[in-house]
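Shown here: work_27.pdb, PDB, C-alpha atoms.
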```
ATOM      1  CA  MET A  23       6.552   3.291 156.109
ATOM      2  CA  LYS A  24       9.247   4.618 153.772
ATOM      3  CA  ARG A  25       8.325   8.002 152.392
ATOM      4  CA  TRP A  26       9.288   9.498 149.030
ATOM      5  CA  GLY A  27       8.097  13.002 148.273
ATOM      6  CA  ILE A  28       8.066  15.422 145.369
ATOM      7  CA  THR A  29       7.860  19.219 145.303
ATOM      8  CA  LEU A  30       4.934  20.628 143.306
ATOM      9  CA  PRO A  31       4.355  22.507 141.090
ATOM     10  CA  LEU A  32       7.209  21.602 138.760
ATOM     11  CA  THR A  33       9.188  24.406 137.135
ATOM     12  CA  GLY A  34       7.815  25.344 133.743
ATOM     13  CA  VAL A  35       4.708  23.137 133.990
ATOM     14  CA  PRO A  36       1.275  24.841 134.220
ATOM     15  CA  LEU A  37      -0.713  23.883 137.298
ATOM     16  CA  THR A  38      -3.485  22.177 135.330
ATOM     17  CA  ALA A  39      -0.942  20.152 133.344
ATOM     18  CA  HIS A  40       0.065  18.331 136.545
ATOM     19  CA  ARG A  41      -3.199  16.385 136.798
ATOM     20  CA  ASP A  42      -2.218  13.146 135.058
ATOM     21  CA  LEU A  43       1.147  12.983 136.800
ATOM     22  CA  VAL A  44      -0.306  13.639 140.236
ATOM     23  CA  ARG A  45      -2.872  10.884 139.718
ATOM     24  CA  GLU A  46      -0.002   8.503 138.938
ATOM     25  CA  LEU A  47       2.212   9.405 141.879
ATOM     26  CA  PRO A  48       0.892   6.844 144.418
ATOM     27  CA  ASP A  49       1.210   4.016 141.905
ATOM     28  CA  LEU A  50       4.748   5.160 141.107
ATOM     29  CA  GLY A  51       5.709   4.850 144.775
ATOM     30  CA  TYR A  52       5.503   8.478 145.861
ATOM     31  CA  THR A  53       3.880   8.943 149.255
ATOM     32  CA  ASP A  54       3.999  12.735 149.562
ATOM     33  CA  ALA A  55       3.548  15.940 147.582
ATOM     34  CA  TRP A  56       4.875  19.136 149.159
ATOM     35  CA  SER A  57       4.439  22.708 147.998
ATOM     36  CA  ALA A  58       6.625  25.753 148.558
ATOM     37  CA  GLU A  59       5.985  29.492 148.610
ATOM     38  CA  THR A  60       8.433  32.116 147.410
ATOM     39  CA  ALA A  61       7.325  34.181 144.384
ATOM     40  CA  GLY A  62       5.560  31.555 142.266
ATOM     41  CA  ALA A  63       2.447  29.585 143.192
ATOM     42  CA  ASP A  64       1.131  30.042 146.690
ATOM     43  CA  ALA A  65       1.556  27.047 148.986
ATOM     44  CA  PHE A  66      -2.090  26.041 149.329
ATOM     45  CA  THR A  67      -3.662  26.099 145.850
ATOM     46  CA  PRO A  68      -1.506  23.307 144.335
ATOM     47  CA  LEU A  69      -2.376  21.104 147.309
ATOM     48  CA  ALA A  70      -6.087  21.747 146.871
ATOM     49  CA  LEU A  71      -5.769  20.398 143.331
ATOM     50  CA  ALA A  72      -3.641  17.443 144.438
ATOM     51  CA  ALA A  73      -6.141  16.560 147.166
ATOM     52  CA  GLU A  74      -8.739  15.906 144.482
ATOM     53  CA  TRP A  75      -6.438  14.343 141.905
ATOM     54  CA  ALA A  76      -4.694  11.840 144.208
ATOM     55  CA  PRO A  77      -6.636  10.990 147.380
ATOM     56  CA  GLY A  78      -3.873   8.619 148.500
ATOM     57  CA  LEU A  79      -1.088  11.209 148.791
ATOM     58  CA  ARG A  80      -0.008  12.917 151.970
ATOM     59  CA  LEU A  81       0.195  16.653 151.309
ATOM     60  CA  GLY A  82       2.320  19.280 153.006
ATOM     61  CA  THR A  83       3.483  22.879 152.847
ATOM     62  CA  ALA A  84       7.239  23.349 152.991
ATOM     63  CA  ILE A  85       6.884  26.037 153.913
ATOM     64  CA  VAL A  86       4.269  28.734 154.460
ATOM     65  CA  PRO A  87       5.883  31.929 155.792
ATOM     66  CA  MET A  88       4.265  32.733 159.118
ATOM     67  CA  TYR A  89       4.674  36.512 158.795
ATOM     68  CA  THR A  90       2.980  37.063 155.442
ATOM     69  CA  ARG A  91      -0.520  35.960 156.524
ATOM     70  CA  GLY A  92      -2.320  37.045 159.647
ATOM     71  CA  PRO A  93      -2.694  34.286 162.244
ATOM     72  CA  GLY A  94      -6.391  33.808 161.536
ATOM     73  CA  LEU A  95      -5.936  33.640 157.761
ATOM     74  CA  LEU A  96      -3.109  31.133 158.176
ATOM     75  CA  ALA A  97      -5.390  28.939 160.298
ATOM     76  CA  MET A  98      -8.223  29.253 157.755
ATOM     77  CA  SER A  99      -5.991  28.284 154.828
ATOM     78  CA  ALA A 100      -4.636  25.268 156.708
ATOM     79  CA  ALA A 101      -8.107  24.194 157.795
ATOM     80  CA  THR A 102      -9.336  24.307 154.199
ATOM     81  CA  ILE A 103      -6.683  21.894 152.921
ATOM     82  CA  ALA A 104      -7.128  19.698 156.005
ATOM     83  CA  GLU A 105     -10.849  19.467 155.191
ATOM     84  CA  LEU A 106     -10.076  18.507 151.579
ATOM     85  CA  ALA A 107      -7.518  15.905 152.673
ATOM     86  CA  PRO A 108      -8.573  14.718 156.144
ATOM     87  CA  GLY A 109      -5.726  13.010 157.946
ATOM     88  CA  ARG A 110      -3.430  13.564 154.961
ATOM     89  CA  PHE A 111      -2.287  17.168 155.379
ATOM     90  CA  VAL A 112       0.782  18.455 157.225
ATOM     91  CA  LEU A 113       1.100  22.185 157.869
ATOM     92  CA  GLY A 114       4.708  23.253 157.471
ATOM     93  CA  ILE A 115       5.423  26.794 158.636
ATOM     94  CA  GLY A 116       8.596  28.828 158.946
ATOM     95  CA  THR A 117       9.947  32.321 159.303
ATOM     96  CA  SER A 118      11.142  32.473 155.677
ATOM     97  CA  THR A 119      13.677  35.271 155.033
ATOM     98  CA  PRO A 120      13.782  39.069 155.315
ATOM     99  CA  THR A 121      13.772  39.299 151.511
ATOM    100  CA  ILE A 122      10.418  37.512 151.195
ATOM    101  CA  VAL A 123       8.878  38.914 154.365
ATOM    102  CA  THR A 124      10.036  42.534 154.309
ATOM    103  CA  SER A 125      11.331  43.362 150.839
ATOM    104  CA  TRP A 126       8.483  41.640 148.990
ATOM    105  CA  ASN A 127       5.624  41.807 151.501
ATOM    106  CA  SER A 128       6.434  44.925 153.541
ATOM    107  CA  VAL A 129       6.154  43.100 156.877
ATOM    108  CA  PRO A 130       8.787  43.591 159.600
ATOM    109  CA  PHE A 131      10.954  40.508 160.148
ATOM    110  CA  GLU A 132      11.250  40.572 163.927
ATOM    111  CA  GLU A 133      11.879  38.041 166.712
ATOM    112  CA  PRO A 134      11.787  34.919 164.514
ATOM    113  CA  TYR A 135      12.196  32.440 167.356
ATOM    114  CA  ALA A 136       9.407  33.953 169.466
ATOM    115  CA  ARG A 137       7.153  34.404 166.416
ATOM    116  CA  SER A 138       7.607  30.726 165.557
ATOM    117  CA  ARG A 139       6.734  29.612 169.088
ATOM    118  CA  ASP A 140       3.706  31.908 169.297
ATOM    119  CA  THR A 141       2.398  30.901 165.873
ATOM    120  CA  ILE A 142       2.575  27.194 166.704
ATOM    121  CA  ARG A 143       0.727  27.755 169.980
ATOM    122  CA  PHE A 144      -1.987  29.816 168.290
ATOM    123  CA  LEU A 145      -2.419  27.288 165.475
ATOM    124  CA  ARG A 146      -2.690  24.382 167.916
ATOM    125  CA  ALA A 147      -5.609  26.066 169.633
ATOM    126  CA  ALA A 148      -7.270  27.443 166.511
ATOM    127  CA  LEU A 149      -7.122  24.185 164.552
ATOM    128  CA  ARG A 150      -8.723  22.352 167.497
ATOM    129  CA  GLY A 151     -11.664  24.711 167.102
ATOM    130  CA  ASP A 152     -10.985  26.682 170.281
ATOM    131  CA  LYS A 153     -12.059  30.295 170.604
ATOM    132  CA  VAL A 154      -8.743  32.100 170.925
ATOM    133  CA  THR A 155      -8.233  35.294 172.850
ATOM    134  CA  GLU A 156      -4.571  35.558 173.707
ATOM    135  CA  THR A 157      -1.813  38.131 173.939
ATOM    136  CA  TYR A 158       1.327  36.378 172.754
ATOM    137  CA  GLU A 159       4.775  37.922 172.900
ATOM    138  CA  THR A 160       4.783  38.785 169.173
ATOM    139  CA  PHE A 161       1.076  39.271 168.327
ATOM    140  CA  ALA A 162      -2.379  39.272 169.878
ATOM    141  CA  VAL A 163      -5.621  37.584 168.826
ATOM    142  CA  SER A 164      -9.084  38.417 170.155
ATOM    143  CA  LYS A 165     -12.108  36.105 169.921
ATOM    144  CA  PHE A 166     -11.009  34.139 166.863
ATOM    145  CA  ARG A 167     -12.698  30.805 166.195
ATOM    146  CA  LEU A 168     -12.613  28.760 163.007
ATOM    147  CA  GLU A 169     -16.062  28.181 161.548
ATOM    148  CA  ARG A 170     -14.849  24.928 159.949
ATOM    149  CA  PRO A 171     -12.247  23.342 162.242
ATOM    150  CA  PRO A 172     -10.753  20.267 160.588
ATOM    151  CA  THR A 173     -11.100  16.740 161.926
ATOM    152  CA  PRO A 174      -8.461  15.703 162.687
ATOM    153  CA  PRO A 175      -6.367  18.852 163.131
ATOM    154  CA  PRO A 176      -3.280  18.656 160.909
ATOM    155  CA  PRO A 177       0.179  18.054 162.347
ATOM    156  CA  ILE A 178       2.374  21.162 162.430
ATOM    157  CA  VAL A 179       6.029  21.009 161.428
ATOM    158  CA  LEU A 180       8.518  23.852 161.710
ATOM    159  CA  ALA A 181      11.238  24.961 159.325
ATOM    160  CA  ALA A 182      14.410  24.623 161.377
ATOM    161  CA  LEU A 183      18.123  24.729 160.665
ATOM    162  CA  ARG A 184      20.171  25.267 163.804
ATOM    163  CA  PRO A 185      19.839  23.962 167.362
ATOM    164  CA  GLY A 186      17.466  26.613 168.734
ATOM    165  CA  MET A 187      14.757  26.125 166.124
ATOM    166  CA  LEU A 188      15.278  22.361 166.025
ATOM    167  CA  ARG A 189      14.739  22.151 169.775
ATOM    168  CA  LEU A 190      11.675  24.377 169.469
ATOM    169  CA  ALA A 191      10.325  21.996 166.823
ATOM    170  CA  LYS A 192      10.974  19.091 169.185
ATOM    171  CA  ARG A 193       9.104  20.752 172.069
ATOM    172  CA  GLU A 194       6.207  22.478 170.336
ATOM    173  CA  ALA A 195       5.718  20.981 166.849
ATOM    174  CA  ASP A 196       5.311  17.536 165.334
ATOM    175  CA  GLY A 197       8.543  17.643 163.371
ATOM    176  CA  ALA A 198      10.993  19.796 161.471
ATOM    177  CA  ILE A 199      11.645  20.703 157.854
ATOM    178  CA  THR A 200      15.140  21.498 156.672
ATOM    179  CA  ASN A 201      17.031  21.807 153.400
ATOM    180  CA  TRP A 202      20.462  22.415 151.864
ATOM    181  CA  LEU A 203      22.151  19.561 153.662
ATOM    182  CA  ALA A 204      24.109  16.459 152.695
ATOM    183  CA  PRO A 205      23.357  12.925 153.874
ATOM    184  CA  ALA A 206      26.303  13.138 156.265
ATOM    185  CA  ASP A 207      24.710  16.221 157.897
ATOM    186  CA  VAL A 208      21.496  14.427 158.840
ATOM    187  CA  PRO A 209      22.772  12.875 162.114
ATOM    188  CA  LYS A 210      23.829  16.292 163.456
ATOM    189  CA  VAL A 211      20.417  17.772 162.697
ATOM    190  CA  ARG A 212      18.689  14.681 164.091
ATOM    191  CA  SER A 213      20.691  14.897 167.324
ATOM    192  CA  GLU A 214      19.066  18.261 168.113
ATOM    193  CA  LEU A 215      15.562  17.266 166.994
ATOM    194  CA  GLY A 216      15.563  13.890 168.734
ATOM    195  CA  SER A 217      14.435  10.540 167.445
ATOM    196  CA  GLU A 218      10.681  10.875 168.016
ATOM    197  CA  SER A 219       9.927  13.829 165.745
ATOM    198  CA  GLU A 220       9.575  13.579 161.977
ATOM    199  CA  LEU A 221      12.463  15.065 160.009
ATOM    200  CA  ILE A 222      11.628  16.248 156.494
ATOM    201  CA  ALA A 223      14.141  17.661 154.016
ATOM    202  CA  ARG A 224      13.857  19.157 150.569
ATOM    203  CA  ILE A 225      16.610  17.682 148.409
ATOM    204  CA  PHE A 226      17.695  19.446 145.216
ATOM    205  CA  VAL A 227      17.990  16.884 142.427
ATOM    206  CA  CYS A 228      19.449  17.503 138.962
ATOM    207  CA  PRO A 229      19.238  14.228 136.997
ATOM    208  CA  THR A 230      21.795  14.670 134.241
ATOM    209  CA  GLU A 231      25.062  13.058 133.206
ATOM    210  CA  ASP A 232      26.477  16.508 132.401
ATOM    211  CA  ALA A 233      28.281  17.102 135.688
ATOM    212  CA  ASP A 234      29.550  20.532 134.633
ATOM    213  CA  ALA A 235      26.037  21.758 133.845
ATOM    214  CA  ALA A 236      24.704  20.379 137.129
ATOM    215  CA  ARG A 237      27.514  21.977 139.119
ATOM    216  CA  ASN A 238      27.097  25.323 137.385
ATOM    217  CA  LEU A 239      23.401  25.362 138.220
ATOM    218  CA  GLY A 240      24.186  24.178 141.735
ATOM    219  CA  ARG A 241      26.650  27.030 142.230
ATOM    220  CA  LEU A 242      24.060  29.597 141.182
ATOM    221  CA  LEU A 243      21.597  28.212 143.712
ATOM    222  CA  ILE A 244      24.155  27.809 146.494
ATOM    223  CA  SER A 245      25.407  31.374 146.166
ATOM    224  CA  SER A 246      21.809  32.643 146.187
ATOM    225  CA  TYR A 247      20.759  30.705 149.274
ATOM    226  CA  LEU A 248      23.837  30.146 151.390
ATOM    227  CA  THR A 249      24.783  33.829 151.451
ATOM    228  CA  VAL A 250      21.533  34.520 153.340
ATOM    229  CA  PRO A 251      22.644  34.933 156.984
ATOM    230  CA  VAL A 252      20.548  32.096 158.425
ATOM    231  CA  TYR A 253      21.878  29.630 155.835
ATOM    232  CA  ALA A 254      25.421  30.926 156.255
ATOM    233  CA  ALA A 255      25.145  30.261 159.978
ATOM    234  CA  PHE A 256      23.647  26.829 159.303
ATOM    235  CA  HIS A 257      26.616  25.756 157.217
ATOM    236  CA  GLU A 258      29.054  27.260 159.667
ATOM    237  CA  TRP A 259      27.437  25.004 162.284
ATOM    238  CA  LEU A 260      27.604  22.034 159.901
ATOM    239  CA  GLY A 261      31.334  22.632 159.411
ATOM    240  CA  ARG A 262      31.445  24.224 155.927
ATOM    241  CA  GLY A 263      32.480  27.671 157.068
ATOM    242  CA  GLU A 264      36.010  27.455 155.696
ATOM    243  CA  ALA A 265      34.937  25.782 152.453
ATOM    244  CA  LEU A 266      32.475  28.611 151.793
ATOM    245  CA  ARG A 267      34.665  31.488 152.968
ATOM    246  CA  GLY A 268      35.734  32.441 149.452
ATOM    247  CA  MET A 269      32.128  32.549 148.281
ATOM    248  CA  HIS A 270      31.114  34.830 151.143
ATOM    249  CA  GLU A 271      34.052  37.187 150.610
ATOM    250  CA  ALA A 272      33.396  37.528 146.886
ATOM    251  CA  TRP A 273      29.660  37.983 147.459
ATOM    252  CA  ALA A 274      30.270  40.707 150.055
ATOM    253  CA  ALA A 275      32.491  42.479 147.515
ATOM    254  CA  GLY A 276      29.681  42.408 144.938
ATOM    255  CA  ASP A 277      31.399  39.806 142.764
ATOM    256  CA  ARG A 278      28.652  37.310 141.937
ATOM    257  CA  ALA A 279      30.733  35.469 139.318
ATOM    258  CA  GLY A 280      33.643  35.231 141.731
ATOM    259  CA  ALA A 281      31.343  33.918 144.459
ATOM    260  CA  ASN A 282      30.108  31.148 142.181
ATOM    261  CA  ALA A 283      33.629  30.242 141.093
ATOM    262  CA  ALA A 284      34.795  30.047 144.719
ATOM    263  CA  ILE A 285      32.365  27.237 145.614
ATOM    264  CA  PRO A 286      34.310  23.946 145.595
ATOM    265  CA  ASP A 287      33.027  21.002 143.574
ATOM    266  CA  GLU A 288      32.873  18.960 146.769
ATOM    267  CA  VAL A 289      30.371  21.378 148.313
ATOM    268  CA  VAL A 290      28.159  21.290 145.234
ATOM    269  CA  ASP A 291      28.335  17.492 145.148
ATOM    270  CA  ASP A 292      27.432  17.382 148.850
ATOM    271  CA  LEU A 293      24.382  19.601 148.543
ATOM    272  CA  VAL A 294      22.978  18.929 145.053
ATOM    273  CA  VAL A 295      22.123  15.401 143.946
ATOM    274  CA  HIS A 296      23.146  14.961 140.323
ATOM    275  CA  GLY A 297      24.110  12.252 137.857
ATOM    276  CA  PRO A 298      22.160   9.515 136.079
ATOM    277  CA  VAL A 299      18.689   8.801 137.441
ATOM    278  CA  GLU A 300      19.782   5.567 139.139
ATOM    279  CA  LYS A 301      22.627   7.346 140.911
ATOM    280  CA  CYS A 302      20.288  10.143 142.016
ATOM    281  CA  ARG A 303      17.835   7.640 143.453
ATOM    282  CA  GLU A 304      20.642   5.912 145.368
ATOM    283  CA  ARG A 305      21.902   9.242 146.699
ATOM    284  CA  ILE A 306      18.429  10.208 147.947
ATOM    285  CA  ALA A 307      18.234   6.858 149.740
ATOM    286  CA  GLU A 308      21.465   7.768 151.579
ATOM    287  CA  TYR A 309      19.558  10.529 153.374
ATOM    288  CA  THR A 310      17.038   8.089 154.787
ATOM    289  CA  ALA A 311      19.823   5.688 155.751
ATOM    290  CA  GLN A 312      21.315   8.523 157.827
ATOM    291  CA  GLY A 313      18.065   9.206 159.693
ATOM    292  CA  LEU A 314      15.880  11.357 157.446
ATOM    293  CA  ASP A 315      12.208  10.340 157.576
ATOM    294  CA  THR A 316      10.863  12.121 154.509
ATOM    295  CA  PRO A 317      12.992  13.085 151.504
ATOM    296  CA  VAL A 318      11.228  15.607 149.271
ATOM    297  CA  ILE A 319      12.719  15.898 145.790
ATOM    298  CA  ALA A 320      12.993  19.414 144.370
ATOM    299  CA  LEU A 321      13.580  18.740 140.673
ATOM    300  CA  LEU A 322      16.009  21.132 139.004
ATOM    301  CA  PRO A 323      15.671  21.854 135.265
ATOM    302  CA  THR A 324      17.857  19.836 132.906
ATOM    303  CA  GLY A 325      16.162  20.466 129.566
ATOM    304  CA  ASP A 326      14.363  17.111 129.742
ATOM    305  CA  ASP A 327      10.612  16.781 130.273
ATOM    306  CA  PRO A 328      10.109  17.308 134.022
ATOM    307  CA  LEU A 329       6.959  15.175 134.096
ATOM    308  CA  ASP A 330       8.872  12.254 132.636
ATOM    309  CA  MET A 331      11.764  12.867 135.009
ATOM    310  CA  VAL A 332       9.490  12.638 138.060
ATOM    311  CA  ARG A 333       8.276   9.290 136.775
ATOM    312  CA  ARG A 334      11.864   8.078 136.293
ATOM    313  CA  LEU A 335      12.920   9.233 139.766
ATOM    314  CA  ALA A 336      10.210   7.191 141.463
ATOM    315  CA  PRO A 337      11.542   4.746 144.048
ATOM    316  CA  ALA A 338      12.686   1.486 142.504
TER     317      ALA A 338
END
```

Structure encoded using structure tokens:
Amino acid sequence: MKRWGITLPLTGVPLTAHRDLVRELPDLGYTDAWSAETAGADAFTPLALAAEWAPGLRLGTAIVPMYTRGPGLLAMSAATIAELAPGRFVLGIGTSTPTIVTSWNSVPFEEPYARSRDTIRFLRAALRGDKVTETYETFAVSKFRLERPPTPPPPIVLAALRPGMLRLAKREADGAITNWLAPADVPKVRSELGSESELIARIFVCPTEDADAARNLGRLLISSYLTVPVYAAFHEWLGRGEALRGMHEAWAAGDRAGANAAIPDEVVDDLVVHGPVEKCRERIAEYTAQGLDTPVIALLPTGDDPLDMVRRLAPA
């Protein structure tokens, strides 16, 4: 089955104003709706609404930070959506970043690899309905049991960029979620994850014929994300280290404008899908041709009605 996902909620659109669009999504050809969690809507509430509005959609979190909820609360939140959408919910978890975890939520960002492994193992047991008493390397749980374990338990997918996390996703999870990559990068990521696990990627899409506007917005996003150490290391591994060197040097010197200006057009064009709607749709399809299972569109603002744009970006 070919999948085609969209990130919800859309920028600038109230949650309740999504209802008619979400009801249309399956008929438009969308198979998935995925939420995110940074400083806007939480990851679970939009999916609770979508579960009622469009019973045919698969729903997923991409991602829920694993540090910012206690293990039991994370299991409870996942079980609630899995009960609302039985067999249609995928729990995507990840470490997130020190900014979100520590600066915004006052939680230490420690041992991300071990915390990821331990969280997956706890969630596997908890979502089966087991009574969990376990001392993991990064946390301990005593006598926790879900009162409403979901049937079936949802698949768990892990946010993963480089080989270590991708291999962890292969061994312990049901797939991996990644982002900020080009179609040509997919085979390298896939080679670490293997062919059996689902690979999901959020793809930033700016449907406009104003290439300068799209690139300017893309540069702002790239300098915000790819200067974070984990993303910097990801693109070093993907082979963009030299192309992004000027951005990193300017950013380290406190020159945000210089960092944006130092990002080559080719990098923006690699990482941000832009152009007329038909061209954007074709570019998204290139990801699946390279081995991506589930493309998830993250619609960037263009000044046009985002609800209409989601309809126009539906698979042909």

Task: Answer key for the PyMOL selection byres ((chain A and resi 193-207) around 6), residues as a count of residues only - done: 23

Open item on the list: I need the output of the PyMOL selection byres ((chain A and resi 88) around 9) for this file as an MDAnalysis selection string; which residues are they?
Closed with: chainID A and resid 85:87 89:93 96 115:118 137:138 141

Centre, x/y/z edge lengths, axis-aligned box for stretch 82-87 of chain A with 5 Å per side, as AutoDock Vina command-line options:
```
--center_x 4.8 --center_y 25.6 --center_z 154.3 --size_x 14.9 --size_y 22.6 --size_z 12.9
```

Open item on the list: Calculated over all atoms listed in the file, which of the candidates A:Gly261, A:Pro174, A:Pro36, A:Pro323 has the smallest distance to A:Glu105?
Closed with: A:Pro174

- [ ] Name the residues captured by the PyMOL selection byres ((chain A and resi 56) around 12) when it is applied to the shown file; answer as a ChimeraX atom specification.
- [x] /A:26-32,44,52-55,57-59,64-70,72-73,79-86,110-114,199,222-225,316-320

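Distances to A:Ile122 were evaluated for A:Ala101, A:Leu266, A:Ala39, A:Ala61 using all atoms listed in the file, and the minimum falls at A:Ala61.
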
Compile the contact shell of A:Ala284 as a PDB file with C-alpha atoms, keeping the file's coordinate frame: residues with an atom at most 10 Å away, counting all atoms listed in the file, same-chain residues fewer than 6 positions apart removed.
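Final output, result.pdb:
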```
ATOM      1  CA  ARG A 241      26.650  27.030 142.230  1.00  0.00           C
ATOM      2  CA  SER A 245      25.407  31.374 146.166  1.00  0.00           C
ATOM      3  CA  ALA A 265      34.937  25.782 152.453  1.00  0.00           C
ATOM      4  CA  LEU A 266      32.475  28.611 151.793  1.00  0.00           C
ATOM      5  CA  ARG A 267      34.665  31.488 152.968  1.00  0.00           C
ATOM      6  CA  GLY A 268      35.734  32.441 149.452  1.00  0.00           C
ATOM      7  CA  MET A 269      32.128  32.549 148.281  1.00  0.00           C
ATOM      8  CA  HIS A 270      31.114  34.830 151.143  1.00  0.00           C
ATOM      9  CA  GLU A 271      34.052  37.187 150.610  1.00  0.00           C
ATOM     10  CA  ALA A 272      33.396  37.528 146.886  1.00  0.00           C
ATOM     11  CA  TRP A 273      29.660  37.983 147.459  1.00  0.00           C
ATOM     12  CA  ARG A 278      28.652  37.310 141.937  1.00  0.00           C
TER      13      ARG A 278
END
```

TODO: Just the residues within 9 Å of A:Ala338, please, counting all atoms listed in the file, with nothing from its chain fewer than 6 positions along; format it as a PyMOL selection string.
DONE: chain A and resi 50-51+300+303

Open item on the list: Given all atoms listed in the file as the basis, pick out the residue of A:Gly313, A:Gly34, A:Gly62, A:Pro337 nearest to A:Glu218.
Closed with: A:Gly313

Mind dumping a table of every stretch 83-120 of chain A residue within 10 Å of stretch 167-170 of chain A, with the nearest atom pair and its distance in Å to one decimal, using only C-alpha atoms, sorted by chain and rising number, as JSON lines?
```
{"residue": "A:Gly94", "atom": "CA", "partner": "A:Leu168", "partner_atom": "CA", "distance": 8.1}
{"residue": "A:Leu95", "atom": "CA", "partner": "A:Leu168", "partner_atom": "CA", "distance": 9.8}
{"residue": "A:Ala97", "atom": "CA", "partner": "A:Leu168", "partner_atom": "CA", "distance": 7.7}
{"residue": "A:Met98", "atom": "CA", "partner": "A:Leu168", "partner_atom": "CA", "distance": 6.9}
{"residue": "A:Ala101", "atom": "CA", "partner": "A:Arg170", "partner_atom": "CA", "distance": 7.1}
{"residue": "A:Thr102", "atom": "CA", "partner": "A:Arg170", "partner_atom": "CA", "distance": 8.0}
{"residue": "A:Glu105", "atom": "CA", "partner": "A:Arg170", "partner_atom": "CA", "distance": 8.3}
```

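Atom to atom, atom CA of A:Thr155 and atom CA of A:Pro130 stand 23.1 Å apart.
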
Open item on the list: I'd like the neighbourhood of A:Asp152 as JSON, numbers by chain, where a residue qualifies if any of its atoms comes within 10 Å (using all atoms listed in the file), though same-chain residues fewer than 3 positions away should be ignored.
Closed with: {"A": [144, 145, 146, 147, 148, 149, 155, 165, 166, 167, 168, 171]}

- [ ] Take atom CA of A:Ser99 and atom CA of A:Pro176 and report the distance between them in Å, one decimal.
- [x] 11.7 Å

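Between A:Lys24 and the residues A:Leu188, A:Val154, A:Ala307, A:Leu322, the shortest atom-to-atom distance, using all atoms listed in the file, involves A:Ala307.
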
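Taking atom CA of A:Pro298 and atom CA of A:Glu46 as the two end points, the separation is 22.4 Å.
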